[in-house]
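Pasted below: model_27.txt, compact mmCIF, C-alpha atoms.
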```
# COMPACT_ATOMS: atom_id res chain seq x y z
CA MET A 217 -35.23 28.79 -10.65
CA ILE A 218 -36.45 25.73 -12.53
CA SER A 219 -33.76 24.03 -14.61
CA ASN A 220 -34.24 22.86 -18.18
CA THR A 221 -33.84 19.30 -16.93
CA GLU A 222 -36.70 19.74 -14.49
CA VAL A 223 -38.95 21.15 -17.22
CA GLN A 224 -38.05 18.27 -19.57
CA TYR A 225 -38.46 15.68 -16.79
CA ARG A 226 -41.89 16.99 -15.81
CA LYS A 227 -43.02 17.04 -19.45
CA VAL A 228 -42.08 13.36 -19.89
CA ILE A 229 -43.76 12.41 -16.61
CA SER A 230 -46.89 14.36 -17.54
CA THR A 231 -47.22 12.35 -20.77
CA CYS A 232 -46.63 9.07 -18.93
CA LYS A 233 -49.10 9.97 -16.18
CA ALA A 234 -51.84 10.86 -18.69
CA LEU A 235 -51.39 7.46 -20.37
CA PHE A 236 -51.27 5.69 -16.99
CA LEU A 237 -54.54 7.25 -15.86
CA LYS A 238 -56.28 6.52 -19.18
CA LYS A 239 -55.23 2.88 -18.92
CA THR A 240 -56.47 2.85 -15.33
CA LYS A 241 -59.86 4.03 -16.59
CA ASP A 242 -59.81 1.31 -19.30
CA TYR A 243 -58.47 -1.61 -17.24
CA GLY A 244 -58.83 -0.64 -13.62
CA THR A 245 -55.91 -1.77 -11.49
CA ALA A 246 -55.63 -5.29 -12.90
CA TRP A 247 -51.86 -4.91 -12.43
CA ARG A 248 -52.42 -5.21 -8.66
CA ILE A 249 -52.64 -8.99 -9.17
CA LEU A 250 -48.98 -9.10 -10.25
CA ARG A 251 -46.34 -10.31 -7.86
CA MET A 252 -43.10 -8.32 -7.77
CA PRO A 253 -41.08 -10.80 -9.89
CA SER A 254 -43.78 -10.58 -12.59
CA ILE A 255 -43.47 -6.81 -12.67
CA THR A 256 -39.70 -7.12 -12.87
CA ASP A 257 -40.07 -9.55 -15.77
CA GLN A 258 -42.45 -7.17 -17.57
CA LEU A 259 -39.88 -4.40 -17.20
CA TYR A 260 -37.20 -6.79 -18.47
CA ILE A 261 -39.25 -7.68 -21.57
CA LYS A 262 -39.68 -3.98 -22.42
CA ALA A 263 -35.99 -3.17 -21.91
CA GLN A 264 -34.91 -6.23 -23.87
CA ARG A 265 -37.18 -5.20 -26.76
CA ILE A 266 -35.58 -1.75 -26.79
CA ARG A 267 -32.12 -3.31 -26.91
CA SER A 268 -33.15 -5.71 -29.66
CA ILE A 269 -34.50 -2.84 -31.81
CA GLN A 270 -31.36 -0.78 -31.13
CA GLU A 271 -29.15 -3.68 -32.24
CA LYS A 272 -31.23 -4.71 -35.28
CA GLY A 273 -32.06 -1.19 -36.40
CA VAL A 274 -35.56 -2.26 -37.44
CA GLN A 275 -38.73 -3.37 -35.73
CA GLN A 276 -41.79 -5.34 -36.79
CA VAL A 277 -44.26 -4.33 -34.06
CA GLY A 278 -45.70 -0.82 -34.07
CA ASP A 279 -44.82 0.33 -30.53
CA SER A 280 -41.86 2.70 -30.79
CA VAL A 281 -38.74 2.70 -28.64
CA ALA A 282 -40.07 5.88 -27.02
CA ASP A 283 -43.33 4.04 -26.21
CA GLU A 284 -41.32 1.27 -24.56
CA PHE A 285 -39.35 3.77 -22.45
CA MET A 286 -42.71 5.24 -21.36
CA GLY A 287 -43.76 1.68 -20.50
CA LEU A 288 -40.63 1.31 -18.36
CA ILE A 289 -41.57 4.46 -16.48
CA ASN A 290 -45.15 3.37 -15.92
CA TYR A 291 -44.28 -0.20 -14.94
CA GLY A 292 -41.61 1.26 -12.64
CA VAL A 293 -44.37 3.31 -11.01
CA ILE A 294 -46.47 0.13 -10.72
CA ALA A 295 -43.54 -1.61 -9.03
CA LEU A 296 -43.08 1.20 -6.52
CA ILE A 297 -46.81 1.30 -5.76
CA GLN A 298 -46.92 -2.47 -5.34
CA LEU A 299 -43.98 -2.34 -2.92
CA GLU A 300 -46.04 0.03 -0.77
CA LEU A 301 -49.28 -1.94 -1.11
CA THR A 302 -47.92 -5.48 -0.77
CA HIS A 303 -50.27 -6.27 2.11
CA HIS A 304 -53.14 -4.00 1.02
CA PRO A 305 -56.24 -6.22 0.93
CA THR A 306 -57.97 -4.58 -2.04
CA LEU A 307 -56.85 -5.14 -5.61
CA GLU A 308 -59.02 -2.43 -7.14
CA LEU A 309 -58.06 1.18 -6.52
CA SER A 310 -59.98 4.23 -7.72
CA VAL A 311 -58.50 6.47 -10.39
CA GLU A 312 -58.06 9.14 -7.72
CA GLU A 313 -56.14 6.75 -5.46
CA VAL A 314 -53.96 5.68 -8.39
CA GLU A 315 -53.25 9.31 -9.28
CA ASN A 316 -52.26 10.06 -5.68
CA TRP A 317 -49.96 7.03 -5.60
CA PHE A 318 -48.48 7.93 -9.00
CA ASP A 319 -47.69 11.46 -7.80
CA ARG A 320 -46.24 10.22 -4.53
CA VAL A 321 -43.81 7.72 -6.05
CA ILE A 322 -42.82 10.13 -8.83
CA ASP A 323 -42.20 12.97 -6.37
CA GLU A 324 -39.89 10.71 -4.37
CA THR A 325 -38.19 9.42 -7.53
CA PHE A 326 -37.73 12.95 -8.87
CA ALA A 327 -36.18 14.06 -5.56
CA LEU A 328 -33.66 11.21 -5.88
CA GLN A 329 -32.96 12.25 -9.47
CA GLN A 330 -32.27 15.83 -8.41
CA LYS A 331 -29.76 14.71 -5.79
CA LYS A 332 -27.97 12.39 -8.21
CA ASN A 333 -28.11 14.93 -11.02
CA HIS A 334 -26.43 17.45 -8.73
CA ASP A 335 -23.67 15.04 -7.71
CA TYR A 336 -23.06 13.64 -11.21
CA GLY A 337 -23.33 16.97 -13.02
CA GLU A 338 -25.87 15.77 -15.58
CA ALA A 339 -23.45 13.18 -16.95
CA TRP A 340 -26.45 11.39 -18.48
CA ARG A 341 -26.64 14.11 -21.12
CA ASP A 342 -23.39 12.77 -22.61
CA MET A 343 -24.56 9.16 -22.61
CA ARG A 344 -25.80 7.15 -25.55
CA VAL A 345 -29.41 5.98 -25.36
CA SER A 346 -28.10 2.43 -25.97
CA SER A 347 -25.95 2.74 -22.82
CA ILE A 348 -28.98 3.86 -20.85
CA THR A 349 -30.80 0.75 -22.09
CA ASP A 350 -27.91 -1.43 -20.92
CA ILE A 351 -27.88 0.22 -17.49
CA ILE A 352 -31.63 -0.36 -17.16
CA LEU A 353 -31.11 -4.03 -18.06
CA MET A 354 -28.30 -4.26 -15.49
CA LYS A 355 -30.56 -2.75 -12.82
CA LEU A 356 -33.22 -5.33 -13.71
CA MET A 357 -30.70 -8.15 -13.38
CA ARG A 358 -29.82 -6.78 -9.95
CA ILE A 359 -33.48 -6.68 -8.95
CA LYS A 360 -33.95 -10.27 -10.15
CA GLN A 361 -30.99 -11.38 -8.05
CA ILE A 362 -32.32 -9.56 -4.98
CA GLU A 363 -35.74 -11.17 -5.56
CA ASN A 364 -34.06 -14.58 -5.87
CA ASN A 365 -32.39 -13.84 -2.51
CA ASP A 366 -35.80 -13.17 -0.93
CA GLY A 367 -35.10 -9.43 -0.85
CA ASN A 368 -31.94 -9.76 1.22
CA THR A 369 -28.80 -7.79 0.43
CA LEU A 370 -25.49 -7.57 2.28
CA VAL A 371 -24.26 -4.14 1.22
CA SER A 372 -26.36 -3.14 -1.78
CA GLU A 373 -29.33 -0.84 -2.13
CA GLY A 374 -32.63 -2.64 -2.31
CA VAL A 375 -35.13 -3.01 -5.12
CA LYS A 376 -36.85 0.33 -4.50
CA ALA A 377 -33.77 2.39 -5.39
CA ASN A 378 -33.22 0.25 -8.49
CA TYR A 379 -36.81 0.78 -9.67
CA GLN A 380 -36.38 4.51 -9.09
CA ASP A 381 -33.16 4.50 -11.12
CA ILE A 382 -34.94 2.66 -13.95
CA ILE A 383 -37.63 5.34 -14.04
CA ASN A 384 -35.07 8.13 -14.01
CA TYR A 385 -32.91 6.56 -16.73
CA ALA A 386 -36.00 5.97 -18.89
CA VAL A 387 -36.92 9.66 -18.49
CA PHE A 388 -33.37 10.61 -19.49
CA ALA A 389 -33.61 8.38 -22.57
CA LEU A 390 -36.85 10.05 -23.63
CA ILE A 391 -35.33 13.50 -23.14
CA LEU A 392 -32.32 12.52 -25.26
CA LEU A 393 -34.51 10.97 -27.96
CA GLU A 394 -36.58 14.15 -28.10
CA GLU A 395 -33.44 16.30 -28.36
CA GLN A 396 -32.13 14.10 -31.19
CA LYS A 397 -35.33 14.77 -33.14
CA GLY A 398 -35.03 18.50 -32.55
```

If you convert what's in this file into structure tokens, what do you get?
Amino acid sequence: MISNTEVQYRKVISTCKALFLKKTKDYGTAWRILRMPSITDQLYIKAQRIRSIQEKGVQQVGDSVADEFMGLINYGVIALIQLELTHHPTLELSVEEVENWFDRVIDETFALQQKKNHDYGEAWRDMRVSSITDIILMKLMRIKQIENNDGNTLVSEGVKANYQDIINYAVFALILLEEQKG
């Protein structure tokens, strides 16, 4: 039986994927030129903008908070793809290749979400969206520190798990925002 969370998760991802593939058709895979710290910084800028809007209560640029959470998901996907293709010689990937990579990293990220959702009992449903934003920013600070340590950790999970958590938290935020509208 498919849970409501799974249906909601897949709906969010479907919207993000459609945008991701349209942008791939418009821009190609220009993002392949980015080094990992640049992707992390792009994620940080998006999360920081969300926090700023949450704190100020107003915004001056048209992109909504929901759009920025979708950006976090899609840049998280970019990060996970780049981790896999670090030594891949070609910068340009076909739309079909990008779609396959998108599905692969999302399937793995969703599987992680299901395991954590089981263990934590959907605790995210009782969280504030602002807390989710803060957790995403904390995860980004962790990634930055790991990057500054040349990827080395003593006892902590690596950057991949943190990127996956960012994607999952951003999906949760979008689900909560949608439910608040409802």

Seminar exercise, completed: Min atom-atom distance to A:Val311 from the set A:Arg267, A:Lys233, A:Lys332, A:Arg341, counting only C-alpha atoms, belongs to A:Lys233

For this session: Write out as a count of residues only each polymer residue whose atoms come within 8 Å of A:Gly287, counting only C-alpha atoms; drop sequence neighbours fewer than 4 positions from it.
Result: 4

Exercise. Got a sec: who's within 9 Å of A:Lys360, counting only C-alpha atoms, leaving out chain neighbours fewer than 6 positions off, as JSON, numbers by chain?
Worked result: {"A": [253, 256, 257, 375]}

Exercise. Contacts of A:Gln298 at 10 Å or less, counting all atoms listed in the file, minus same-chain residues fewer than 2 places along, as a PyMOL selection string?
Worked result: chain A and resi 247-252+255+292-296+300-304+317

Problem set entry | A:Gly398, A:Ile359, A:Glu312, A:Glu324 ranked by distance to A:Thr245, top pick (using only C-alpha atoms) |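 Going through A:Gly398, A:Ile359, A:Glu312, A:Glu324 one by one, the smallest distance to A:Thr245 is for A:Glu312.
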
For this session: Would you mind listing what lies within 9 Å of A:Val281 as a list in words, with all atoms listed in the file counted and same-chain residues fewer than 6 positions away left out?
Result: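 Returned residues: Arg265, Ile266, Ile269 and Gln270 of chain A.
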
For this session: Find the residues near A:Gln329: any atom within 9 Å, counting only C-alpha atoms, skip ones fewer than 3 places away on the same chain, and give them as a list in words.
Result: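 The residues satisfying every condition are Glu324, Thr325, Phe326, Lys332, Asn333, His334, Gln380, Asp381 and Asn384 of chain A.
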
Problem set entry | d(atom CA of A:Glu395, atom CA of A:Leu288) in Å | 19.4 Å

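If you look at atom CA of A:Gly278 and atom CA of A:Tyr385, they are 22.8 Å away from each other.
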
For this session: Tell me which of A:Asp342, A:Phe236, A:Arg320, A:Leu299 sits closest to A:Gly374, counting all atoms listed in the file.
Result: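 Ranking A:Asp342, A:Phe236, A:Arg320, A:Leu299 by distance to A:Gly374, first place goes to A:Leu299.
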
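Take atom CA of A:Ala263 and atom CA of A:Glu373: the distance between them is 21.0 Å.
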
Exercise. For A:Asp319, which residue among A:Ala377, A:Ala234, A:Met357, A:Val223 is the nearest when counting all atoms listed in the file?
Worked result: A:Ala234

Exercise. For A:Met286, which residue among A:Ile351, A:Leu235, A:Leu392, A:Val314 is the nearest when counting all atoms listed in the file?
Worked result: A:Leu235
